[in-house]
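**Student:** Structure file input-v2.txt, compact mmCIF, C-alpha atoms and all ligand atoms, is pasted below:
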# COMPACT_ATOMS: atom_id res chain seq x y z
CA MET A 1 77.36 131.52 84.21
CA ALA A 2 73.62 130.99 83.74
CA SER A 3 72.43 127.46 84.24
CA PRO A 4 71.19 125.70 81.11
CA PRO A 5 67.43 125.90 80.59
CA HIS A 6 65.36 122.96 81.74
CA PRO A 7 64.56 120.67 78.78
CA LEU A 8 60.83 121.19 79.36
CA ASP A 9 61.29 124.91 78.78
CA LEU A 10 62.68 124.22 75.34
CA GLU A 11 60.21 121.53 74.59
CA PRO A 12 57.48 122.17 72.07
CA PHE A 13 54.47 120.15 73.11
CA VAL A 14 52.50 120.80 70.08
CA PRO A 15 49.80 120.86 69.11
CA THR A 16 48.91 121.54 72.71
CA VAL A 17 47.10 118.81 74.61
CA LEU A 18 44.01 120.98 74.18
CA SER A 19 43.96 120.51 70.43
CA HIS A 20 44.66 116.82 69.86
CA PRO A 21 41.10 115.80 70.86
CA ALA A 22 39.74 117.86 67.92
CA VAL A 23 40.16 114.84 65.61
CA PRO A 24 38.23 112.18 67.60
CA LEU A 25 35.62 114.76 68.66
CA ALA A 26 34.95 115.84 65.07
CA ILE A 27 34.80 112.29 63.72
CA GLY A 28 32.88 110.84 66.68
CA LEU A 29 30.26 113.58 66.82
CA ALA A 30 29.80 113.50 63.05
CA LEU A 31 29.25 109.73 62.99
CA GLY A 32 26.72 109.99 65.79
CA SER A 33 26.28 108.15 69.07
CA ARG A 34 24.90 105.00 67.43
CA VAL A 35 28.30 104.39 65.80
CA VAL A 36 30.57 106.07 68.35
CA SER A 37 29.11 105.77 71.85
CA GLY A 38 29.76 108.41 74.49
CA ARG A 39 32.22 106.06 76.19
CA LEU A 40 34.08 105.34 72.96
CA LEU A 41 34.22 109.08 72.22
CA LEU A 42 35.73 109.72 75.65
CA ALA A 43 38.23 106.88 75.11
CA GLY A 44 39.11 108.48 71.75
CA VAL A 45 39.84 111.81 73.45
CA VAL A 46 42.11 110.00 75.93
CA ALA A 47 43.82 108.05 73.11
CA SER A 48 44.49 111.31 71.25
CA VAL A 49 46.51 112.78 74.12
CA LEU A 50 47.98 109.51 75.40
CA PRO A 51 51.22 109.70 73.34
CA ASP A 52 52.32 112.86 75.19
CA LEU A 53 52.59 110.92 78.46
CA ASP A 54 56.09 110.31 77.15
CA VAL A 55 57.11 113.72 78.56
CA ILE A 56 57.51 111.79 81.82
CA GLY A 57 60.73 110.62 80.17
CA PHE A 58 62.23 114.10 80.67
CA ARG A 59 61.79 113.65 84.43
CA LEU A 60 63.40 110.21 84.21
CA GLY A 61 66.41 111.59 82.37
CA ILE A 62 65.51 110.06 78.99
CA GLY A 63 66.78 112.31 76.20
CA TYR A 64 64.41 113.85 73.66
CA ALA A 65 66.12 112.05 70.78
CA HIS A 66 66.00 108.64 72.48
CA GLU A 67 63.49 106.16 71.03
CA LEU A 68 61.74 106.16 74.43
CA GLY A 69 61.94 109.97 74.56
CA HIS A 70 59.36 112.58 73.61
CA ARG A 71 57.78 111.98 70.19
CA GLY A 72 59.47 108.56 70.19
CA PHE A 73 57.80 105.16 70.39
CA SER A 74 54.54 106.43 71.90
CA HIS A 75 53.89 108.49 68.75
CA ALA A 76 54.44 105.55 66.35
CA LEU A 77 51.75 104.18 64.03
CA PRO A 78 52.32 100.53 65.09
CA VAL A 79 51.75 101.60 68.71
CA ALA A 80 48.50 103.34 67.68
CA LEU A 81 47.38 100.04 66.11
CA LEU A 82 48.22 98.28 69.36
CA VAL A 83 46.23 100.81 71.41
CA GLY A 84 43.33 100.25 68.97
CA ALA A 85 43.61 96.49 69.49
CA VAL A 86 43.44 96.95 73.27
CA ALA A 87 40.31 99.08 72.81
CA ALA A 88 38.78 96.32 70.68
CA LEU A 89 39.23 93.94 73.62
CA PHE A 90 37.13 96.35 75.70
CA ALA A 91 34.48 96.84 73.02
CA GLY A 92 31.79 95.66 75.45
CA PRO A 93 32.38 98.24 78.18
CA LEU A 94 32.94 100.86 75.46
CA ARG A 95 29.45 100.01 74.08
CA SER A 96 30.89 99.56 70.65
CA ARG A 97 31.43 97.01 67.92
CA ARG A 98 34.93 95.55 68.03
CA LEU A 99 35.96 96.84 64.62
CA THR A 100 34.59 100.32 65.33
CA ALA A 101 36.46 100.47 68.65
CA PHE A 102 39.68 99.37 66.95
CA LEU A 103 39.42 101.80 64.04
CA PHE A 104 38.27 104.80 66.07
CA ILE A 105 40.86 104.46 68.83
CA ALA A 106 43.74 103.60 66.47
CA LEU A 107 42.85 106.64 64.35
CA ALA A 108 42.58 108.93 67.38
CA CYS A 109 45.97 107.78 68.65
CA ALA A 110 47.65 107.88 65.22
CA SER A 111 46.32 111.38 64.53
CA HIS A 112 48.43 112.65 67.45
CA GLY A 113 51.76 111.81 65.81
CA LEU A 114 50.54 113.03 62.42
CA LEU A 115 49.54 116.42 63.88
CA ASP A 116 52.90 116.69 65.66
CA MET A 117 54.55 116.16 62.26
CA LEU A 118 52.93 119.42 61.11
CA THR A 119 54.55 121.51 63.85
CA ASN A 120 57.46 123.85 63.28
CA GLY A 121 59.49 122.99 66.36
CA GLY A 122 61.19 120.23 68.30
CA LEU A 123 62.26 116.88 66.93
CA GLY A 124 60.27 114.85 64.44
CA VAL A 125 58.07 111.87 65.21
CA ALA A 126 59.30 108.25 65.33
CA LEU A 127 56.34 107.25 63.18
CA ALA A 128 57.65 103.83 62.14
CA TRP A 129 59.02 102.63 65.49
CA PRO A 130 59.98 99.79 66.14
CA LEU A 131 60.82 99.29 62.44
CA SER A 132 62.87 102.50 62.44
CA GLU A 133 63.95 105.08 65.01
CA GLN A 134 64.01 107.79 62.35
CA ARG A 135 62.13 110.99 63.24
CA PHE A 136 59.76 112.41 60.64
CA PHE A 137 58.15 115.75 59.85
CA PHE A 138 55.76 116.53 57.02
CA PRO A 139 57.32 118.60 54.23
CA VAL A 140 55.13 121.53 55.35
CA GLN A 141 55.03 122.44 59.04
CA VAL A 142 52.20 124.88 59.52
CA ILE A 143 51.37 124.50 63.22
CA GLU A 144 53.12 126.93 65.52
CA ALA A 145 55.25 125.18 68.16
CA SER A 146 53.91 125.66 71.65
CA PRO A 147 56.09 126.44 74.64
CA LEU A 148 55.43 123.96 77.42
CA SER A 149 56.15 126.28 80.27
CA LEU A 150 52.97 127.97 81.42
CA HIS A 151 54.48 131.40 82.00
CA ARG A 152 55.47 131.51 78.33
CA PHE A 153 52.21 130.00 77.15
CA PHE A 154 50.13 132.79 78.76
CA GLY A 155 51.84 135.45 76.71
CA PRO A 156 52.04 136.55 73.07
CA ALA A 157 53.70 133.23 72.14
CA GLY A 158 50.74 131.28 73.52
CA LEU A 159 48.27 133.42 71.61
CA LYS A 160 50.16 132.77 68.39
CA VAL A 161 50.02 129.03 69.09
CA LEU A 162 46.28 129.04 69.81
CA LYS A 163 45.59 131.02 66.64
CA SER A 164 47.61 128.57 64.58
CA GLU A 165 45.87 125.59 66.17
CA TRP A 166 42.43 127.03 65.44
CA LEU A 167 43.44 127.51 61.84
CA TRP A 168 45.28 124.25 61.23
CA VAL A 169 43.67 121.78 63.68
CA TRP A 170 40.17 122.82 64.78
CA LEU A 171 39.00 124.31 61.47
CA PRO A 172 40.06 121.32 59.32
CA ALA A 173 38.70 118.91 61.97
CA ALA A 174 35.36 120.77 61.96
CA ALA A 175 35.33 120.65 58.14
CA LEU A 176 36.06 116.91 58.23
CA GLY A 177 33.31 116.38 60.80
CA LEU A 178 30.83 118.45 58.78
CA GLY A 179 31.74 116.52 55.61
CA LEU A 180 31.18 113.19 57.40
CA PHE A 181 27.89 114.41 58.86
CA ILE A 182 26.58 115.60 55.47
CA GLY A 183 27.71 112.30 53.89
CA ARG A 184 25.89 110.34 56.61
CA MET A 185 22.69 112.37 56.15
CA ALA A 186 22.83 112.01 52.35
CA HIS A 187 23.37 108.27 52.71
CA ARG A 188 20.44 107.97 55.09
CA ARG A 189 18.17 109.95 52.76
CA LEU A 190 19.24 107.82 49.78
CA ALA A 191 18.64 104.61 51.74
CA GLY A 192 15.18 105.96 52.73
CA SER A 193 14.18 106.87 49.17
CA THR A 194 15.10 103.46 47.74
CA ARG A 195 13.09 101.62 50.37
ZN ZN B 201 53.04 114.66 70.92
Could you express the structure from this file as structure tokens?

**Tutor:**
Amino acid sequence: MASPPHPLDLEPFVPTVLSHPAVPLAIGLALGSRVVSGRLLLAGVVASVLPDLDVIGFRLGIGYAHELGHRGFSHALPVALLVGAVAALFAGPLRSRRLTAFLFIALACASHGLLDMLTNGGLGVALAWPLSEQRFFFPVQVIEASPLSLHRFFGPAGLKVLKSEWLWVWLPAAALGLGLFIGRMAHRRLAGSTR
């Protein structure tokens, strides 16, 4: 009898770690380095992938559906707020205002779980932990689930995933960034003309 597949082989990891930073990068670059410093931008990229450190749980024998499992507590909105609060404590080294550090990092971290809720595979996200262990998906799941195992990722399945992430993560993030940038320029021009 064939041995059961390793849980990581079944595990959608999506959007891939490559795509989560699209959100902080788009917002940070659009707001400019005077609002989001290089250090804060880098911290935002880290915060956007941080929740997936929970895959360590698979190695420790923690089940996917467990609250400490993948897409469990680390993907929750209250935890994103906490990560933002920690960043606010380090506003000095991050060369940022406290409120900006809090908002930017909390948003980067929260965007991870929200993007995962758009994927078409795996279990949902424990968005409200510790208030609830319930796993959530959005009603529409447009992002193709990514296989974690590399040998499957570098095949037709991986290509499908990358295409779907360009369409549903990078393109909307770029549009959001462009919208913010145009808004910032328009605001600056307006402020200049009323001076
Ligand atoms: Zn995730």

**Student:** Considering all atoms listed in the file, can you say which of A:Ala65, A:Met185, A:Val142, A:Ala76 comes closest to ligand ZN 201 (chain B)?

**Tutor:**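 Between A:Ala65, A:Met185, A:Val142, A:Ala76, the residue approaching ligand ZN 201 (chain B) most closely is A:Ala76.
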
**Student:** Would you list the residues that come within 10 Å of ligand ZN 201 (chain B)? Count only C-alpha atoms and all ligand atoms and give the answer as a compact mmCIF listing (two decimals) with C-alpha atoms, in the frame of the given file.

**Tutor:**
# COMPACT_ATOMS: atom_id res chain seq x y z
CA PRO A 12 57.48 122.17 72.07
CA PHE A 13 54.47 120.15 73.11
CA VAL A 14 52.50 120.80 70.08
CA PRO A 15 49.80 120.86 69.11
CA THR A 16 48.91 121.54 72.71
CA VAL A 17 47.10 118.81 74.61
CA HIS A 20 44.66 116.82 69.86
CA SER A 48 44.49 111.31 71.25
CA VAL A 49 46.51 112.78 74.12
CA LEU A 50 47.98 109.51 75.40
CA PRO A 51 51.22 109.70 73.34
CA ASP A 52 52.32 112.86 75.19
CA LEU A 53 52.59 110.92 78.46
CA ASP A 54 56.09 110.31 77.15
CA VAL A 55 57.11 113.72 78.56
CA HIS A 70 59.36 112.58 73.61
CA ARG A 71 57.78 111.98 70.19
CA GLY A 72 59.47 108.56 70.19
CA SER A 74 54.54 106.43 71.90
CA HIS A 75 53.89 108.49 68.75
CA SER A 111 46.32 111.38 64.53
CA HIS A 112 48.43 112.65 67.45
CA GLY A 113 51.76 111.81 65.81
CA LEU A 114 50.54 113.03 62.42
CA LEU A 115 49.54 116.42 63.88
CA ASP A 116 52.90 116.69 65.66
CA MET A 117 54.55 116.16 62.26
CA THR A 119 54.55 121.51 63.85
CA GLY A 124 60.27 114.85 64.44
CA VAL A 125 58.07 111.87 65.21

**Student:** If I take atom CA of Ile27 of chain A and atom CA of Ala174 of chain A, how far is one from the other in Å, to one decimal?

**Tutor:** 8.7 Å

**Student:** So, with only C-alpha atoms as the atoms that count, which of A:Ala101, A:Leu127, A:Leu178, A:Ala26 lies closest to Arg39 of chain A?

**Tutor:** A:Ala101

**Student:** Do you have the atom CA of Gly44 of chain A-atom CA of Ala128 of chain A distance handy?

**Tutor:**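 So the answer is 21.4 Å.
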
**Student:** In Å, rounded to a single decimal, give me how far atom CA of Leu40 of chain A is from atom CA of Ala186 of chain A.

**Tutor:** 24.4 Å

**Student:** Show me the residues close to (33.1, 103.0, 76.6) - anything with an atom within 10 Å, counting only C-alpha atoms - and format the list as a list of chain:residue names.

**Tutor:**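 Residues found, by chain and rising number: A:Val36, A:Ser37, A:Gly38, A:Arg39, A:Leu40, A:Leu41, A:Leu42, A:Ala43, A:Gly44, A:Ala87, A:Phe90, A:Ala91, A:Gly92, A:Pro93, A:Leu94, A:Arg95, A:Ser96, A:Ala101.
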
**Student:** With distances taken over all atoms listed in the file, which residue among A:Ala47, A:Tyr64, A:Gly57, A:Ser164 lies nearest Gly84 of chain A?

**Tutor:**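 Of the candidates, the smallest distance to Gly84 of chain A is held by A:Ala47.
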
**Student:** Let me have the centre and edge lengths in Å, one decimal, of the box along x, y and z around every listed atom of segment 35-49 of chain A with 5 Å of margin on each side, as JSON.

**Tutor:**
{"center_x": 37.4, "center_y": 108.6, "center_z": 71.0, "size_x": 28.2, "size_y": 18.4, "size_z": 20.4}

**Student:** Within 12 Å of segment 180-183 of chain A, which residues of segment 30-50 of chain A show up? Give each one with its shortest atom-to-atom distance in Å (one decimal) and the two atoms involved, counting only C-alpha atoms, rows by chain then rising residue number, as a Markdown table.

**Tutor:**
| residue | atom | partner | partner_atom | distance |
| --- | --- | --- | --- | --- |
| A:Ala30 | CA | A:Phe181 | CA | 4.7 |
| A:Leu31 | CA | A:Phe181 | CA | 6.4 |
| A:Gly32 | CA | A:Phe181 | CA | 8.3 |

**Student:** Between A:Leu107, A:Leu123, A:Leu167, A:Ala85, which one has atoms that come closest to Gly63 of chain A, using only C-alpha atoms?

**Tutor:**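 With only C-alpha atoms as the atom set, the closest residue is A:Leu123.
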
**Student:** Tell me which of A:Val23, A:Ala108, A:Val79, A:Val161 sits closest to Ala126 of chain A, counting only C-alpha atoms.

**Tutor:**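 Answer, going by the shortest atom-to-atom distance: A:Val79.
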
**Student:** Between A:Ala106, A:Leu118, A:Leu89, A:Ala191, which is the closest to Pro139 of chain A once you count all atoms listed in the file?

**Tutor:**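 Among A:Ala106, A:Leu118, A:Leu89, A:Ala191, it is A:Leu118 that comes nearest to Pro139 of chain A.
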